[in-house]
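For reference, final20.txt is printed below; it contains compact mmCIF, C-alpha atoms.
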```
# COMPACT_ATOMS: atom_id res chain seq x y z
CA MET A 1 147.15 89.24 58.19
CA SER A 2 144.16 90.30 60.27
CA LEU A 3 143.71 94.04 60.56
CA PRO A 4 141.69 95.85 63.24
CA ARG A 5 138.30 97.27 62.15
CA LEU A 6 138.33 101.02 61.87
CA GLY A 7 135.51 103.41 62.86
CA VAL A 8 133.60 101.01 65.13
CA SER A 9 133.45 103.42 68.07
CA ARG A 10 132.25 106.24 65.82
CA ASP A 11 129.59 104.00 64.29
CA ARG A 12 128.28 103.07 67.70
CA ALA A 13 128.32 106.69 68.82
CA LEU A 14 126.19 107.75 65.85
CA ALA A 15 123.76 104.90 66.51
CA TRP A 16 123.38 105.88 70.17
CA LEU A 17 122.99 109.54 69.16
CA THR A 18 120.15 108.59 66.82
CA ILE A 19 118.41 106.60 69.54
CA ALA A 20 118.84 109.40 72.07
CA LEU A 21 117.42 112.02 69.68
CA GLY A 22 114.45 109.78 68.87
CA LEU A 23 113.72 109.21 72.56
CA GLY A 24 114.10 112.94 73.20
CA LEU A 25 111.59 113.75 70.46
CA ALA A 26 109.12 111.19 71.82
CA LEU A 27 109.55 112.62 75.32
CA ALA A 28 108.96 116.16 74.04
CA VAL A 29 105.72 115.04 72.37
CA GLN A 30 104.60 113.24 75.54
CA VAL A 31 105.36 116.28 77.73
CA ARG A 32 103.54 118.55 75.27
CA ALA A 33 100.51 116.28 75.00
CA PRO A 34 100.61 113.41 77.49
CA VAL A 35 98.34 110.55 76.65
CA GLY A 36 97.03 107.46 78.37
CA VAL A 37 95.14 104.43 77.08
CA PRO A 38 92.96 105.40 74.09
CA LEU A 39 89.22 104.90 74.41
CA TYR A 40 88.75 104.45 70.65
CA ASP A 41 90.84 103.66 67.58
CA GLY A 42 91.61 105.74 64.51
CA VAL A 43 92.89 109.22 63.82
CA VAL A 44 90.84 111.79 65.72
CA VAL A 45 90.48 115.27 64.22
CA ALA A 46 89.21 117.48 67.03
CA GLU A 47 86.59 120.04 66.07
CA PRO A 48 86.48 123.37 67.94
CA TYR A 49 85.18 123.20 71.49
CA ARG A 50 81.51 124.16 71.78
CA TYR A 51 80.62 126.44 74.68
CA LEU A 52 77.24 126.67 76.37
CA HIS A 53 77.71 130.46 76.54
CA PRO A 54 80.25 131.40 73.83
CA THR A 55 82.01 134.75 73.79
CA GLY A 56 84.05 136.42 71.07
CA ASP A 57 84.96 133.93 68.34
CA GLN A 58 84.13 130.85 70.44
CA THR A 59 81.87 128.15 68.98
CA GLY A 60 78.52 127.54 70.65
CA ASP A 61 75.64 125.05 70.54
CA PRO A 62 77.10 122.07 72.46
CA THR A 63 75.19 118.82 72.02
CA SER A 64 73.46 116.66 74.60
CA ALA A 65 73.15 112.88 74.64
CA SER A 66 70.51 110.36 75.68
CA SER A 67 70.02 106.64 75.31
CA THR A 68 67.69 103.89 76.45
CA GLN A 69 69.20 100.71 77.84
CA SER A 70 67.19 97.51 78.25
CA VAL A 71 67.51 95.60 81.54
CA THR A 72 67.00 91.85 81.22
CA SER A 73 68.31 90.71 84.62
CA SER A 74 68.84 91.99 88.12
CA GLN A 75 72.07 93.67 87.02
CA SER A 76 72.52 96.86 85.03
CA PRO A 77 73.92 96.30 81.53
CA VAL A 78 77.15 97.49 79.94
CA PHE A 79 76.61 100.73 78.02
CA ALA A 80 78.34 103.84 76.72
CA THR A 81 76.70 107.17 75.88
CA ALA A 82 78.45 110.23 74.44
CA THR A 83 77.67 113.66 73.04
CA GLU A 84 77.91 114.22 69.28
CA GLU A 85 81.03 116.37 69.00
CA GLN A 86 84.18 114.93 67.46
CA PRO A 87 85.62 113.80 69.77
CA PRO A 88 82.73 113.87 72.29
CA GLN A 89 82.86 116.57 74.95
CA ALA A 90 81.21 114.29 77.52
CA GLN A 91 80.91 110.50 77.80
CA VAL A 92 79.74 107.96 80.35
CA ILE A 93 80.88 104.33 80.23
CA ALA A 94 79.29 101.79 82.59
CA GLN A 95 80.43 98.25 83.27
CA ALA A 96 78.04 95.40 84.07
CA ASP A 97 76.31 95.72 87.46
CA ALA A 98 77.64 99.26 87.96
CA LEU A 99 74.26 100.71 89.02
CA GLN A 100 71.92 99.97 91.90
CA LEU A 101 68.61 99.11 90.22
CA PRO A 102 65.26 99.86 91.89
CA PRO A 103 62.91 96.84 91.99
CA GLY A 104 61.00 96.28 88.76
CA THR A 105 63.50 98.12 86.54
CA THR A 106 63.22 97.07 82.88
CA GLN A 107 64.80 100.09 81.20
CA LEU A 108 67.37 102.77 81.96
CA GLN A 109 67.20 106.32 80.62
CA VAL A 110 70.72 107.77 80.34
CA SER A 111 71.24 111.49 79.73
CA ILE A 112 74.15 113.91 79.44
CA LYS A 113 73.61 117.64 78.97
CA PRO A 114 75.57 120.87 79.43
CA VAL A 115 74.27 123.04 82.27
CA ASP A 116 75.14 126.27 84.02
CA PRO A 117 77.43 125.78 87.03
CA GLN A 118 75.64 125.93 90.36
CA ALA A 119 78.71 127.66 91.80
CA GLN A 120 82.26 128.55 90.80
CA PRO A 121 85.19 126.61 92.31
CA THR A 122 87.04 128.29 95.16
CA VAL A 123 90.39 127.23 93.65
CA GLY A 124 91.00 127.37 89.91
CA SER A 125 88.36 127.83 87.22
CA ILE A 126 86.02 125.73 85.10
CA ALA A 127 87.45 124.88 81.66
CA GLY A 128 84.61 124.58 79.17
CA ASN A 129 81.14 123.40 80.18
CA VAL A 130 79.62 121.73 83.20
CA TYR A 131 77.90 118.46 82.24
CA ARG A 132 75.09 116.78 84.15
CA PHE A 133 75.11 112.97 84.06
CA ALA A 134 71.86 111.26 85.05
CA VAL A 135 70.36 107.76 84.90
CA SER A 136 66.80 106.81 85.85
CA ASN A 137 64.56 103.81 85.24
CA GLN A 138 61.35 103.66 83.18
CA ALA A 139 59.36 105.00 86.14
CA GLY A 140 61.62 108.05 86.54
CA THR A 141 63.30 106.78 89.69
CA VAL A 142 66.89 107.98 89.95
CA VAL A 143 69.47 105.20 89.79
CA THR A 144 72.59 105.34 91.97
CA VAL A 145 76.11 104.04 91.44
CA LYS A 146 77.29 100.97 93.32
CA SER A 147 80.44 100.99 95.45
CA CYS A 148 82.69 99.28 92.92
CA ASP A 149 86.14 99.94 91.55
CA ALA A 150 86.14 101.72 88.16
CA CYS A 151 82.69 100.43 87.24
CA LEU A 152 81.54 103.85 86.00
CA SER A 153 83.87 106.10 83.96
CA LEU A 154 83.19 109.72 83.02
CA VAL A 155 85.15 111.38 80.22
CA LEU A 156 85.22 115.14 79.67
CA ARG A 157 86.93 117.11 76.92
CA SER A 158 88.21 120.57 77.76
CA PRO A 159 89.17 123.41 75.40
CA PRO A 160 92.43 122.55 73.56
CA GLU A 161 94.54 125.19 75.30
CA VAL A 162 94.28 123.33 78.63
CA LEU A 163 97.60 121.65 79.44
CA ASP A 164 96.42 119.88 82.55
CA GLY A 165 93.10 119.62 84.32
CA THR A 166 91.24 117.75 87.04
CA VAL A 167 87.73 116.37 86.81
CA ALA A 168 85.63 117.65 89.70
CA HIS A 169 82.17 116.67 91.01
CA TYR A 170 79.79 119.24 92.46
CA GLU A 171 78.53 117.88 95.74
CA ASN A 172 77.24 119.44 98.97
CA GLY A 173 77.67 122.97 97.61
CA ALA A 174 81.33 122.62 96.52
CA TRP A 175 83.49 121.24 93.73
CA VAL A 176 85.36 118.12 94.84
CA ASP A 177 88.32 116.85 92.81
CA VAL A 178 88.12 113.30 91.49
CA SER A 179 91.15 111.14 90.66
CA THR A 180 91.85 112.02 87.02
CA PHE A 181 94.02 110.72 84.19
CA HIS A 182 94.35 111.51 80.51
CA ALA A 183 91.94 109.67 78.25
CA GLY A 184 93.78 109.04 75.00
CA THR A 185 94.05 112.41 73.26
CA VAL A 186 94.81 116.06 73.95
CA ALA A 187 92.48 117.79 76.44
CA MET A 188 90.56 114.60 77.29
CA PHE A 189 90.25 113.71 80.96
CA GLN A 190 88.76 110.59 82.54
CA ALA A 191 87.62 109.89 86.07
CA ASN A 192 85.89 107.04 87.85
CA GLY A 193 82.61 108.39 89.15
CA ALA A 194 81.31 107.27 92.50
CA ALA A 195 78.06 109.16 91.87
CA LEU A 196 76.17 110.82 89.05
CA GLY A 197 75.50 114.55 88.89
CA ASP A 198 77.38 117.64 87.69
CA TYR A 199 80.97 117.28 86.53
CA ALA A 200 83.50 119.69 84.99
CA VAL A 201 87.20 120.04 84.26
CA ILE A 202 88.90 122.40 86.73
CA VAL A 203 92.20 124.07 85.84
CA LYS A 204 94.65 125.71 88.20
CA ALA A 205 96.93 128.66 87.45
CA GLY A 206 99.60 127.80 84.86
CA SER A 207 97.62 124.93 83.33
CA VAL A 208 96.60 126.91 80.26
CA HIS A 209 98.97 127.92 77.49
CA GLY A 210 98.69 130.64 74.88
CA ALA A 211 99.87 131.28 71.34
CA ASP A 212 103.42 132.22 72.40
CA ASP A 213 103.80 128.93 74.24
CA ASN A 214 102.58 127.06 71.16
CA ILE A 215 105.15 128.79 68.94
CA THR A 216 107.96 128.02 71.39
CA LEU A 217 106.97 124.36 71.58
CA LEU A 218 106.77 124.13 67.80
CA ILE A 219 110.25 125.63 67.44
CA ILE A 220 111.72 123.22 69.99
CA GLY A 221 110.00 120.28 68.32
CA GLY A 222 111.23 121.40 64.89
CA ILE A 223 114.83 121.67 66.08
CA ALA A 224 114.67 118.25 67.72
CA LEU A 225 113.19 116.74 64.55
CA ALA A 226 115.87 118.36 62.36
CA LEU A 227 118.66 117.04 64.61
CA PHE A 228 117.12 113.57 64.51
CA PHE A 229 117.01 113.43 60.71
CA ALA A 230 120.51 114.92 60.45
CA ALA A 231 121.85 112.17 62.70
CA VAL A 232 120.09 109.50 60.65
CA ALA A 233 121.45 110.95 57.39
CA GLY A 234 124.96 111.10 58.84
CA LEU A 235 124.74 107.49 59.96
CA PHE A 236 123.67 106.30 56.48
CA TRP A 237 126.41 108.34 54.81
CA TYR A 238 129.01 106.89 57.12
CA ARG A 239 127.86 103.33 56.43
CA ARG A 240 127.74 103.79 52.64
CA ARG A 241 131.16 105.44 52.09
CA PRO A 242 134.04 103.18 50.91
CA PRO A 243 136.06 101.63 53.71
CA PRO A 244 139.55 103.05 54.25
CA VAL A 245 142.42 101.14 52.64
CA PRO A 246 144.55 99.59 55.38
CA VAL A 247 148.29 100.28 55.36
CA ALA A 248 150.47 97.51 56.73
CA SER A 249 153.88 98.27 58.18
CA LEU A 250 156.65 96.19 56.56
CA GLY A 251 159.34 97.09 59.03
CA THR A 252 162.38 99.33 58.83
CA GLY A 253 163.79 99.64 55.37
CA ARG A 254 161.24 97.35 53.74
CA GLY A 255 158.73 98.38 51.17
CA ARG A 256 160.63 101.55 50.23
CA ILE A 257 160.81 102.64 46.61
CA PRO A 258 164.45 102.72 45.46
CA SER A 259 165.85 106.08 44.52
CA LYS A 260 166.45 106.73 40.80
CA ARG A 261 169.58 108.79 41.48
CA LYS A 262 172.91 107.11 40.75
CA ALA A 263 175.44 106.68 43.48
CA PRO A 264 178.55 108.90 43.24
CA ARG A 265 181.54 107.38 41.39
CA ARG A 266 184.37 106.09 43.55
CA PRO A 267 187.71 107.90 43.19
CA PRO A 268 190.47 106.00 41.35
CA SER A 269 192.23 103.48 43.55
CA GLY A 270 195.63 103.88 41.80
CA ARG A 271 195.79 100.25 40.64
CA SER A 272 196.75 99.54 37.10
CA GLY A 273 193.94 98.91 34.69
CA SER A 274 191.47 100.94 36.71
```

Taking this structure as input, can you express it in the form of C-alpha cells?
Amino acid sequence: MSLPRLGVSRDRALAWLTIALGLGLALAVQVRAPVGVPLYDGVVVAEPYRYLHPTGDQTGDPTSASSTQSVTSSQSPVFATATEEQPPQAQVIAQADALQLPPGTTQLQVSIKPVDPQAQPTVGSIAGNVYRFAVSNQAGTVVTVKSCDACLSLVLRSPPEVLDGTVAHYENGAWVDVSTFHAGTVAMFQANGAALGDYAVIVKAGSVHGADDNITLLIIGGIALALFFAAVAGLFWYRRRPPPVPVASLGTGRGRIPSKRKAPRRPPSGRSGS
C-alpha cells in the first residue's frame, strides 16, 4: 500500500530558509562594501592610505607614477599607469585613440602625482589626496582627451572609512562631480574623464563611518552568519535522521492484541450433566 511522504513541507521550508539566509548575508556584504566590475584579479590586501600631509597616526609619503608610451600611428595607444601603493591610490587607463595627438607625436609622457588642492569644495570634503593627471608628447605639448565614450578611465582610492564618494574634477575654479561607480574593491572609485587635470574623491555628510559603525556591522554580519550555518546544520540533521515508521490503520477491531484475561464463567443452566 502506498503511504504519503512525511516531512516534505518542513524539508522545503528549511531549504528556502537556508537560501534566504545566504542571500541576506550576501546582501549585507554588498551593502557594507558594494563592488562593481574588478579591474584586476587576485586577492587584494589594502595597505594603509598614504596622505600627502599626514596628521596624527596617518601614513604619509604617497607615490607618484610616470610612464612613456610609444606612438607608432596617428592614434594614441592603449596604456595604463598607476601609483605604487597596494592597491594603487590613483590610476589612468586609456583605450586606443583616446587622446588628440599633436602633429609629429612619437611618444607620450604620462604622469600622476599627488598635489595640494587649489580650493576646497563648497559641498562636502576631499577624502584623501588630490591627484593631477597629465599627458604630453615628446616636445612637451599637452595632449587633450577626445570626445569619446569611456575611452579614458580614472580610478582613485579613498581612505577605507569612506562608505560612498564621488570623483570630482577641478575646473574653472570649482570642483565638478563626475559620474562615478565603484571600481572592484572597498573605497575604490572610477570615473570616465572627459579631460585631464586635478581629480579627487569628494564625500558628503554621512558617507564616512567610524569604529562604532564597524563594530555594529560586524555584530550584524556575525549573527547572520551564525543563523546561516545553524540552518544548514539543521537541514543536514533532518535529512540524516531515520525516517518515521508508518502506521497503517487496519480498521475497527482489526490488528488488536487479544486480552490475556479469561472470560467470566457462565452460571449453571440447570440441565443435567452440566

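Point (68.6, 111.5, 78.1) has the following residues at most 8 Å away: Ser64, Ala65, Ser66, Ser67, Thr68, Gln109, Val110, Ser111, Ile112, Lys113, Ala134 and Val135 of chain A (atoms considered: only C-alpha atoms).
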
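When CA of Tyr131 in chain A is paired with CA of Ala200 in chain A, their separation reads 6.4 Å.
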
Using all atoms listed in the file, find all polymer residues with an atom at most 10 Å away from the point (71.8, 97.9, 81.9); report them as a PDB file with C-alpha atoms, in the coordinates of the input.
```pdb
ATOM      1  CA  THR A  68      67.690 103.890  76.450  1.00  0.00           C
ATOM      2  CA  GLN A  69      69.200 100.710  77.840  1.00  0.00           C
ATOM      3  CA  SER A  70      67.190  97.510  78.250  1.00  0.00           C
ATOM      4  CA  VAL A  71      67.510  95.600  81.540  1.00  0.00           C
ATOM      5  CA  THR A  72      67.000  91.850  81.220  1.00  0.00           C
ATOM      6  CA  SER A  73      68.310  90.710  84.620  1.00  0.00           C
ATOM      7  CA  SER A  74      68.840  91.990  88.120  1.00  0.00           C
ATOM      8  CA  GLN A  75      72.070  93.670  87.020  1.00  0.00           C
ATOM      9  CA  SER A  76      72.520  96.860  85.030  1.00  0.00           C
ATOM     10  CA  PRO A  77      73.920  96.300  81.530  1.00  0.00           C
ATOM     11  CA  VAL A  78      77.150  97.490  79.940  1.00  0.00           C
ATOM     12  CA  PHE A  79      76.610 100.730  78.020  1.00  0.00           C
ATOM     13  CA  ALA A  94      79.290 101.790  82.590  1.00  0.00           C
ATOM     14  CA  GLN A  95      80.430  98.250  83.270  1.00  0.00           C
ATOM     15  CA  ALA A  96      78.040  95.400  84.070  1.00  0.00           C
ATOM     16  CA  ASP A  97      76.310  95.720  87.460  1.00  0.00           C
ATOM     17  CA  ALA A  98      77.640  99.260  87.960  1.00  0.00           C
ATOM     18  CA  LEU A  99      74.260 100.710  89.020  1.00  0.00           C
ATOM     19  CA  LEU A 101      68.610  99.110  90.220  1.00  0.00           C
ATOM     20  CA  THR A 105      63.500  98.120  86.540  1.00  0.00           C
ATOM     21  CA  THR A 106      63.220  97.070  82.880  1.00  0.00           C
ATOM     22  CA  GLN A 107      64.800 100.090  81.200  1.00  0.00           C
ATOM     23  CA  LEU A 108      67.370 102.770  81.960  1.00  0.00           C
ATOM     24  CA  GLN A 109      67.200 106.320  80.620  1.00  0.00           C
ATOM     25  CA  ASN A 137      64.560 103.810  85.240  1.00  0.00           C
TER      26      ASN A 137
END
```

Best match for closeness to Tyr49 in chain A among A:Thr63, A:Ser153, A:Thr81, A:Ser136, counting all atoms listed in the file: A:Thr63

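When only C-alpha atoms are used to measure the gap to Val115 in chain A, the shortest distance among A:Leu196, A:Leu52, A:Val167, A:Met188 belongs to A:Leu52.
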
Between CA of Phe189 in chain A and CA of Gly165 in chain A, measure the distance and give it in Å to one decimal. 7.4 Å

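Straight-line separation from CA of Gln89 in chain A to CA of Ser158 in chain A: 7.2 Å.
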
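For the choices A:Thr185, A:Asn129, A:Thr141, A:Ser147, the atom-to-atom distance to Tyr199 in chain A is smallest for A:Asn129 when using all atoms listed in the file.
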
Determine the nearest neighbour of Val130 in chain A from the options A:Asp177, A:Glu171, A:Glu161, A:Asp198, counting only C-alpha atoms. A:Asp198

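Residues surrounding Val92 in chain A within 8 Å are Ala80, Thr81, Ala82, Phe133, Leu152, Ser153, Leu154 and Val155 of chain A [all atoms listed in the file; sequence separation below 6 positions excluded].
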
Would you export the selected residues with C-alpha atoms as a PDB file, keeping the file's coordinate frame, please?
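Result file is selection-v1.pdb:
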```pdb
ATOM      1  CA  ALA A  80      78.340 103.840  76.720  1.00  0.00           C
ATOM      2  CA  THR A  81      76.700 107.170  75.880  1.00  0.00           C
ATOM      3  CA  ALA A  82      78.450 110.230  74.440  1.00  0.00           C
ATOM      4  CA  PHE A 133      75.110 112.970  84.060  1.00  0.00           C
ATOM      5  CA  LEU A 152      81.540 103.850  86.000  1.00  0.00           C
ATOM      6  CA  SER A 153      83.870 106.100  83.960  1.00  0.00           C
ATOM      7  CA  LEU A 154      83.190 109.720  83.020  1.00  0.00           C
ATOM      8  CA  VAL A 155      85.150 111.380  80.220  1.00  0.00           C
TER       9      VAL A 155
END
```

Using only C-alpha atoms, which protein or nucleic acid residues come within 12 Å of Pro121 in chain A? Drop anything in the same chain fewer than 3 positions from it, and give the result as a PDB file with C-alpha atoms, in the frame of the given file.
```
ATOM      1  CA  PRO A 117      77.430 125.780  87.030  1.00  0.00           C
ATOM      2  CA  GLN A 118      75.640 125.930  90.360  1.00  0.00           C
ATOM      3  CA  GLY A 124      91.000 127.370  89.910  1.00  0.00           C
ATOM      4  CA  SER A 125      88.360 127.830  87.220  1.00  0.00           C
ATOM      5  CA  ILE A 126      86.020 125.730  85.100  1.00  0.00           C
ATOM      6  CA  ALA A 127      87.450 124.880  81.660  1.00  0.00           C
ATOM      7  CA  VAL A 130      79.620 121.730  83.200  1.00  0.00           C
ATOM      8  CA  THR A 166      91.240 117.750  87.040  1.00  0.00           C
ATOM      9  CA  VAL A 167      87.730 116.370  86.810  1.00  0.00           C
ATOM     10  CA  ALA A 168      85.630 117.650  89.700  1.00  0.00           C
ATOM     11  CA  HIS A 169      82.170 116.670  91.010  1.00  0.00           C
ATOM     12  CA  TYR A 170      79.790 119.240  92.460  1.00  0.00           C
ATOM     13  CA  GLU A 171      78.530 117.880  95.740  1.00  0.00           C
ATOM     14  CA  GLY A 173      77.670 122.970  97.610  1.00  0.00           C
ATOM     15  CA  ALA A 174      81.330 122.620  96.520  1.00  0.00           C
ATOM     16  CA  TRP A 175      83.490 121.240  93.730  1.00  0.00           C
ATOM     17  CA  VAL A 176      85.360 118.120  94.840  1.00  0.00           C
ATOM     18  CA  ASP A 177      88.320 116.850  92.810  1.00  0.00           C
ATOM     19  CA  TYR A 199      80.970 117.280  86.530  1.00  0.00           C
ATOM     20  CA  ALA A 200      83.500 119.690  84.990  1.00  0.00           C
ATOM     21  CA  VAL A 201      87.200 120.040  84.260  1.00  0.00           C
ATOM     22  CA  ILE A 202      88.900 122.400  86.730  1.00  0.00           C
ATOM     23  CA  VAL A 203      92.200 124.070  85.840  1.00  0.00           C
ATOM     24  CA  LYS A 204      94.650 125.710  88.200  1.00  0.00           C
TER      25      LYS A 204
END
```

Please rebuild range 69-93 of chain A with N, CA and C atoms and return the result as a compact mmCIF listing (two decimals), keeping the file's coordinate frame.
```txt
# COMPACT_ATOMS: atom_id res chain seq x y z
N GLN A 69 68.54 102.00 77.66
CA GLN A 69 69.20 100.71 77.84
C GLN A 69 68.21 99.70 78.42
N SER A 70 68.10 98.55 77.76
CA SER A 70 67.19 97.51 78.25
C SER A 70 67.84 96.74 79.40
N VAL A 71 67.05 96.39 80.39
CA VAL A 71 67.51 95.60 81.54
C VAL A 71 66.81 94.25 81.49
N THR A 72 67.57 93.20 81.36
CA THR A 72 67.00 91.85 81.22
C THR A 72 67.31 90.96 82.42
N SER A 73 67.99 91.50 83.43
CA SER A 73 68.31 90.71 84.62
C SER A 73 68.31 91.65 85.82
N SER A 74 68.80 91.15 86.92
CA SER A 74 68.84 91.99 88.12
C SER A 74 70.05 92.93 88.13
N GLN A 75 70.90 92.83 87.11
CA GLN A 75 72.07 93.67 87.02
C GLN A 75 71.93 94.69 85.89
N SER A 76 72.53 95.84 86.09
CA SER A 76 72.52 96.86 85.03
C SER A 76 73.46 96.42 83.91
N PRO A 77 73.11 96.76 82.66
CA PRO A 77 73.92 96.30 81.53
C PRO A 77 75.14 97.18 81.29
N VAL A 78 76.03 96.69 80.42
CA VAL A 78 77.15 97.49 79.94
C VAL A 78 76.62 98.49 78.91
N PHE A 79 77.04 99.75 79.02
CA PHE A 79 76.61 100.73 78.02
C PHE A 79 77.61 101.89 77.98
N ALA A 80 77.54 102.63 76.89
CA ALA A 80 78.34 103.84 76.72
C ALA A 80 77.50 104.87 75.97
N THR A 81 77.47 106.08 76.49
CA THR A 81 76.70 107.17 75.88
C THR A 81 77.61 108.39 75.78
N ALA A 82 77.55 109.10 74.65
CA ALA A 82 78.45 110.23 74.44
C ALA A 82 77.75 111.32 73.64
N THR A 83 78.19 112.55 73.83
CA THR A 83 77.67 113.66 73.04
C THR A 83 78.20 113.55 71.61
N GLU A 84 77.69 114.41 70.71
CA GLU A 84 77.91 114.22 69.28
C GLU A 84 79.13 114.94 68.73
N GLU A 85 79.85 115.70 69.53
CA GLU A 85 81.03 116.37 69.00
C GLU A 85 82.10 115.34 68.63
N GLN A 86 83.09 115.81 67.86
CA GLN A 86 84.18 114.93 67.46
C GLN A 86 85.51 115.51 67.94
N PRO A 87 86.16 114.89 68.95
CA PRO A 87 85.62 113.80 69.77
C PRO A 87 84.56 114.32 70.75
N PRO A 88 83.79 113.43 71.38
CA PRO A 88 82.73 113.87 72.29
C PRO A 88 83.27 114.75 73.42
N GLN A 89 82.46 115.71 73.82
CA GLN A 89 82.86 116.57 74.95
C GLN A 89 82.48 115.96 76.29
N ALA A 90 81.59 114.97 76.28
CA ALA A 90 81.21 114.29 77.52
C ALA A 90 80.79 112.86 77.20
N GLN A 91 81.24 111.92 78.00
CA GLN A 91 80.91 110.50 77.80
C GLN A 91 80.72 109.84 79.16
N VAL A 92 79.88 108.82 79.18
CA VAL A 92 79.74 107.96 80.35
C VAL A 92 79.85 106.52 79.88
N ILE A 93 80.64 105.73 80.59
CA ILE A 93 80.88 104.33 80.23
C ILE A 93 80.63 103.50 81.49
```
